[in-house]
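Just below is one structure, and these are the notes that go with it.
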Amino acid sequence: MKQILFLLIAVFLYTSVAGQQFSVSGKVINQTKAPVGFAYAGLLKPDSTPVAQTMTDTLGNFTLKAPKGVYRLIVRQFGNTGLDRQMVLDKAVDLGVIEIRELTELQGVTIAAAKRLVEQKVDRLVFNVEKAVMPTGGTALDALKATPGVRVQQESVSVVGKGEVLVMVDDRLQRMSQEDLTVFLKSIPADNIKSIEVITAPPAKYEAEGNSGLINIKLKKAKANSWDATIGAGYTQKTYGGGNVQGLFNYNHGKVALQASLSKSRQQLMTTSDDQIFYPKEWWKQEIRNKSESNALSAGLGLDYKVTPKWTTGIKYLGSFTDKTSANQPLTTRFNSHTQAVNGYVASAVDARNKPAMNALNWYHAFTLDSLGKNLTVDIDFFNYRKTDARNFSGNELDPMKGMLPGTFFSSANSNVNKVNNFSGKADVLLPYKWANISFGGKFSYTNTNNDLVVYDRHTGTPVLNTDQSNVFSYKEYNEALYFSANKKLNTQWEVQAGLRAEATQTKGYSKNLDQTNANRYIKLFPTAYVTYVPDDKNSLSLNYSRRIRRPDFDYLNPFVVRTSPYFYSEGNPFLKPSYIDNIELSYVKNQKWASSVYYSRVKDFGQDLSIVDSVTNITRQTPVNYGNTYQVGFSTYYNFNLLSWWSSFTGFNVNYQHVKSKTGFVSSTDGYNAYCYTNNDFTLNKSKTLFFSANYALQLPGRYQIFHIGTLHMLDVSMKFLMANKKLSLTVAGEDLLNAQRPLITYYSNGIKNTVRSYGDTRGFRISLSYKMGNNQIKVKQRDFGNEDERSRTK
């Protein structure tokens, strides 16, 4: 009887142990110590039969459970095997941090998950610029041209199918005018850029600012326990020649990390514009040939110090200084609409100069609250921007034989000083729990901007102060924001995330000339929501919603008037309202190679600078206006081909339908389709990987964007890259806009009057660049950001 009882107890204990589940867990991070979300983790039997599978959450954590036994553990990132090892599971195992990077040892297992050229994540597409050929030796603008899904036309940056977006550098918005932003991006060497993120659905942590998402340029990081430096120079030949030199130095040892960068460039351009206005009785055709020269200098400096193992502090400085001059002689020909005979001319000469200067300073603190990933970051920022503008113009009206008409001489000199100062502070808290990952924070910002416009009339030959147009305008803006976000992984297949951001804004603008004060106060909520379904490591489906805001640029609110001829003037609009954007997107990704999405967006009170034509006086007034509500539905898809080790291709297209419901009398409601296709290709031409070729092509089909009909546009860029001297010396030769076909015809109607514009930005050219890298490249350090990005990109 005792033997039977002992046997029953032994059988019971054996079956209990055999049925017991043991767990294996870990956290996956990348080379920058950032968590890797949606990486695949699986336990397989020796015959490769899956026993347990899951995906890492947004913090990179995963947990697998299985009975006691011998298994094969696999961790994959973007289809590449990051960890593959045999293990005996007889107790709970915590693998700790698993760092996915190239040629790294982890517990005796080699991890070789090379970063891909393009990575698709839940809320963004990541283009790894350091892996690309085309941008090498160029600028940040060249890198954006090579980024899949991003379109750069006439130096205006947009996301394909979604219009203009705001640009961030290291998570900080650059709130400048499009012209100044272009100059700033040209001052950043592409060789200093690590990656570009195209964020179509920013979480609640990000500023609510931005039409249809954000573009984030991530600069290269300083590297650990060593130093490295890169120096380079380039020459660009377009209509005129230009060149640039740049240098980057990184040092990181012990508790101190230092970064320094410097770039200097000079470029001349010949841009052209042919504008036509079809009045009922006359047809006006204006031709402009503008020669400009830009001299730009940018500098960066960062210093980090690890005070304690749980407290790191540091400062970062970023400066950009540009001196730009331009000269042109606009000639307007007035034709009889019926006979096509010349009725007369308007001839003028314009000289302009502007000097934007930007200084940004950030002081940050990062606190590690525990070993489970809880942390607090605090940023204090100061931003200073000053831009001086000077413009002189003069001209005459001419008869059909180009003789001067008496009493028609006009001349004026305008100068404006724009000053912007911004102070801001923000705090962000991350609290990962087993039941959910929680993040919350807040921000306070104060902006003070001043414009001092002075206008002198010179049509009598003696400068006379124009008190009607001269104006002093001051604008103050306060912004307070709070946000909360929660992420929950329901099971191995479903994950949800929801967030809410509240922003309160108070503004006050005063025009001394008009003795007019305009004040505004509003509180708005900006929710975000994401639902992700991942049936396996090859397929994922996600649905997201976000609400965003686009505030007016500071200068748009200044009611000053600037005249450049008797028939054209521009003015600001102090009553311009913010635009609000609702976005919904359903996306499907297969094997991290093929991604498709269906999207819908609605913009309330869409605001834009428009030319308003008066058919009675033939005077054109340019002013920003909230002219309508816009609705858009579209479909986009792309395929990332990289099955061959020597060929990487990213090809896709986008088609959408837009409807504009006008809220003003000078533009009509309209609708239409838009389509755009592109292919970016990088080739490795030899086994030693020292010779590369790149070819990028894009085609825009005739279609409609907002109230504008845009004609056909072709873009073709090619480049060759040579690595020498142990791959430390890089030579790049690039041909840009080889088809010389970036000259689309843009057509729109104002007060029923047809207007057409065909402009060319001197995009065709040749670039040769050389760079040399020194130091130890097996290094890294944390890159920080500024905290007042929302205000900086609104400056002009």
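So you can find residues: chains in the structure tokens are A, B, ... in the order shown, residues in each start at 1, and ligands are numbered from 1 in order.
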
Spatial neighbours of Gly703 in chain A, max dist 12 Å, only C-alpha atoms, sep filter under 4 positions, as an NGL selection string: :A and (161 or 655-658 or 671-676 or 699 or 707-713 or 744-747)

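As for CA of Val667 in chain A and CA of Tyr748 in chain A, they are spaced 8.9 Å apart.
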
Close residues, Lys434 in chain A itself excluded, 12 Å, only C-alpha atoms, min 6 positions apart in chain, as a PyMOL selection string: chain A and resi 57+59+61-63+372-373+487-490

Go ahead and write the selection's residues with C-alpha atoms as an mmCIF file, in the first residue's frame.
```cif
data_model
loop_
_atom_site.group_PDB
_atom_site.id
_atom_site.type_symbol
_atom_site.label_atom_id
_atom_site.label_comp_id
_atom_site.auth_asym_id
_atom_site.auth_seq_id
_atom_site.Cartn_x
_atom_site.Cartn_y
_atom_site.Cartn_z
ATOM 1 C CA ASP A 57 5.515 46.427 -26.874
ATOM 2 C CA LEU A 59 8.936 49.972 -24.743
ATOM 3 C CA ASN A 61 9.520 44.470 -23.591
ATOM 4 C CA PHE A 62 8.395 40.897 -24.287
ATOM 5 C CA THR A 63 7.429 37.844 -22.229
ATOM 6 C CA LEU A 372 12.234 49.273 -14.664
ATOM 7 C CA GLY A 373 12.369 52.146 -17.147
ATOM 8 C CA ASN A 487 -0.358 52.083 -24.096
ATOM 9 C CA LYS A 488 -1.671 48.593 -23.435
ATOM 10 C CA LYS A 489 -0.745 45.323 -25.079
ATOM 11 C CA LEU A 490 -3.922 43.268 -24.770
#
```

Distance query Arg764 in chain A at most 12 Å, only C-alpha atoms, self and fewer than 5 positions along chain excluded, as a list in words: Gln154, Thr236, Gln237, Lys238, Thr239, Tyr240, Leu269, Met270, Thr271, His714, Met715, Leu716, Asp717, Val718, Ala734, Gly735, Glu736, Asp737, Leu738, Leu739, Asn740, Ala741, Gln742 and Arg743 of chain A

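Between CA of Val28 in chain A and CA of Val93 in chain A there is a distance of 15.0 Å.
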
Near range 499-506 of chain A, within 7 Å and counting only C-alpha atoms, which residues show up once chain neighbours fewer than 5 positions away are dropped, as a CSV table (one decimal) with N, CA and C atoms, in the first residue's frame?
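File produced: part.csv:
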```
chain,number,residue,atom,x,y,z
A,204,ALA,N,0.5,61.9,-28.5
A,204,ALA,CA,0.2,63.1,-27.8
A,204,ALA,C,1.4,63.8,-27.2
A,477,GLU,N,2.5,85.8,-27.4
A,477,GLU,CA,1.7,84.6,-27.3
A,477,GLU,C,2.2,83.8,-26.2
A,478,TYR,N,1.2,83.3,-25.4
A,478,TYR,CA,1.4,82.4,-24.3
A,478,TYR,C,0.8,81.0,-24.6
A,479,ASN,N,1.4,80.0,-24.3
A,479,ASN,CA,0.9,78.6,-24.6
A,479,ASN,C,1.2,77.7,-23.4
A,480,GLU,N,0.1,77.1,-22.9
A,480,GLU,CA,0.3,76.1,-21.9
A,480,GLU,C,-0.3,74.7,-22.4
A,481,ALA,N,0.4,73.7,-22.1
A,481,ALA,CA,0.0,72.4,-22.6
A,481,ALA,C,0.1,71.3,-21.6
A,482,LEU,N,-0.8,70.3,-21.5
A,482,LEU,CA,-0.7,69.1,-20.7
A,482,LEU,C,-1.1,67.9,-21.6
A,483,TYR,N,-0.5,66.8,-21.4
A,483,TYR,CA,-0.8,65.6,-22.1
A,483,TYR,C,-0.8,64.4,-21.3
A,484,PHE,N,-1.5,63.4,-21.7
A,484,PHE,CA,-1.5,62.1,-21.0
A,484,PHE,C,-1.7,61.0,-22.1
A,485,SER,N,-0.9,59.9,-22.0
A,485,SER,CA,-1.0,58.8,-23.0
A,485,SER,C,-0.8,57.5,-22.3
A,486,ALA,N,-1.5,56.5,-22.8
A,486,ALA,CA,-1.5,55.2,-22.2
A,486,ALA,C,-1.4,54.1,-23.3
A,520,ASN,N,-6.7,87.3,-28.5
A,520,ASN,CA,-7.5,86.0,-28.7
A,520,ASN,C,-7.1,85.0,-27.6
A,521,ARG,N,-8.1,84.2,-27.2
A,521,ARG,CA,-7.9,83.2,-26.1
A,521,ARG,C,-8.6,82.0,-26.6
A,522,TYR,N,-8.0,80.8,-26.4
A,522,TYR,CA,-8.7,79.6,-26.7
A,522,TYR,C,-8.0,78.4,-26.1
A,523,ILE,N,-8.8,77.4,-25.7
A,523,ILE,CA,-8.4,76.1,-25.2
A,523,ILE,C,-8.9,75.0,-26.1
A,524,LYS,N,-8.0,74.2,-26.6
A,524,LYS,CA,-8.4,73.1,-27.5
A,524,LYS,C,-7.8,71.8,-27.1
A,525,LEU,N,-8.6,70.7,-27.4
A,525,LEU,CA,-8.2,69.3,-27.1
A,525,LEU,C,-7.7,68.6,-28.3
A,526,PHE,N,-6.7,67.8,-28.2
A,526,PHE,CA,-6.1,67.1,-29.4
A,526,PHE,C,-6.0,65.6,-29.0
A,527,PRO,N,-7.0,64.8,-29.3
A,527,PRO,CA,-6.9,63.4,-29.0
A,527,PRO,C,-6.1,62.6,-30.1
A,528,THR,N,-5.5,61.5,-29.6
A,528,THR,CA,-4.9,60.6,-30.6
A,528,THR,C,-5.3,59.2,-30.1
A,529,ALA,N,-5.4,58.3,-31.1
A,529,ALA,CA,-5.7,56.9,-30.8
A,529,ALA,C,-5.1,56.0,-31.8
```

Residues within 9 Å of Trp647 in chain A, only C-alpha atoms, excluding chain neighbours under 5 positions, as a list in words: Phe641, Asn642, Asn681, Asp682, Phe683, Thr684 and Leu685 of chain A

Dump C-alpha atoms for the selected residues as a PDB file, in the first residue's frame?
```
ATOM      1  CA  PHE A 641      12.690  45.631 -52.421  1.00  0.00           C
ATOM      2  CA  ASN A 642      15.925  44.402 -50.820  1.00  0.00           C
ATOM      3  CA  ASN A 681      17.158  52.837 -56.083  1.00  0.00           C
ATOM      4  CA  ASP A 682      20.574  52.210 -54.505  1.00  0.00           C
ATOM      5  CA  PHE A 683      23.056  49.764 -56.072  1.00  0.00           C
ATOM      6  CA  THR A 684      26.242  48.260 -54.623  1.00  0.00           C
ATOM      7  CA  LEU A 685      28.550  47.715 -57.592  1.00  0.00           C
TER       8      LEU A 685
END
```

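Interatomic distance, CA of Leu214 in chain A to CA of Ser156 in chain A: 14.0 Å.
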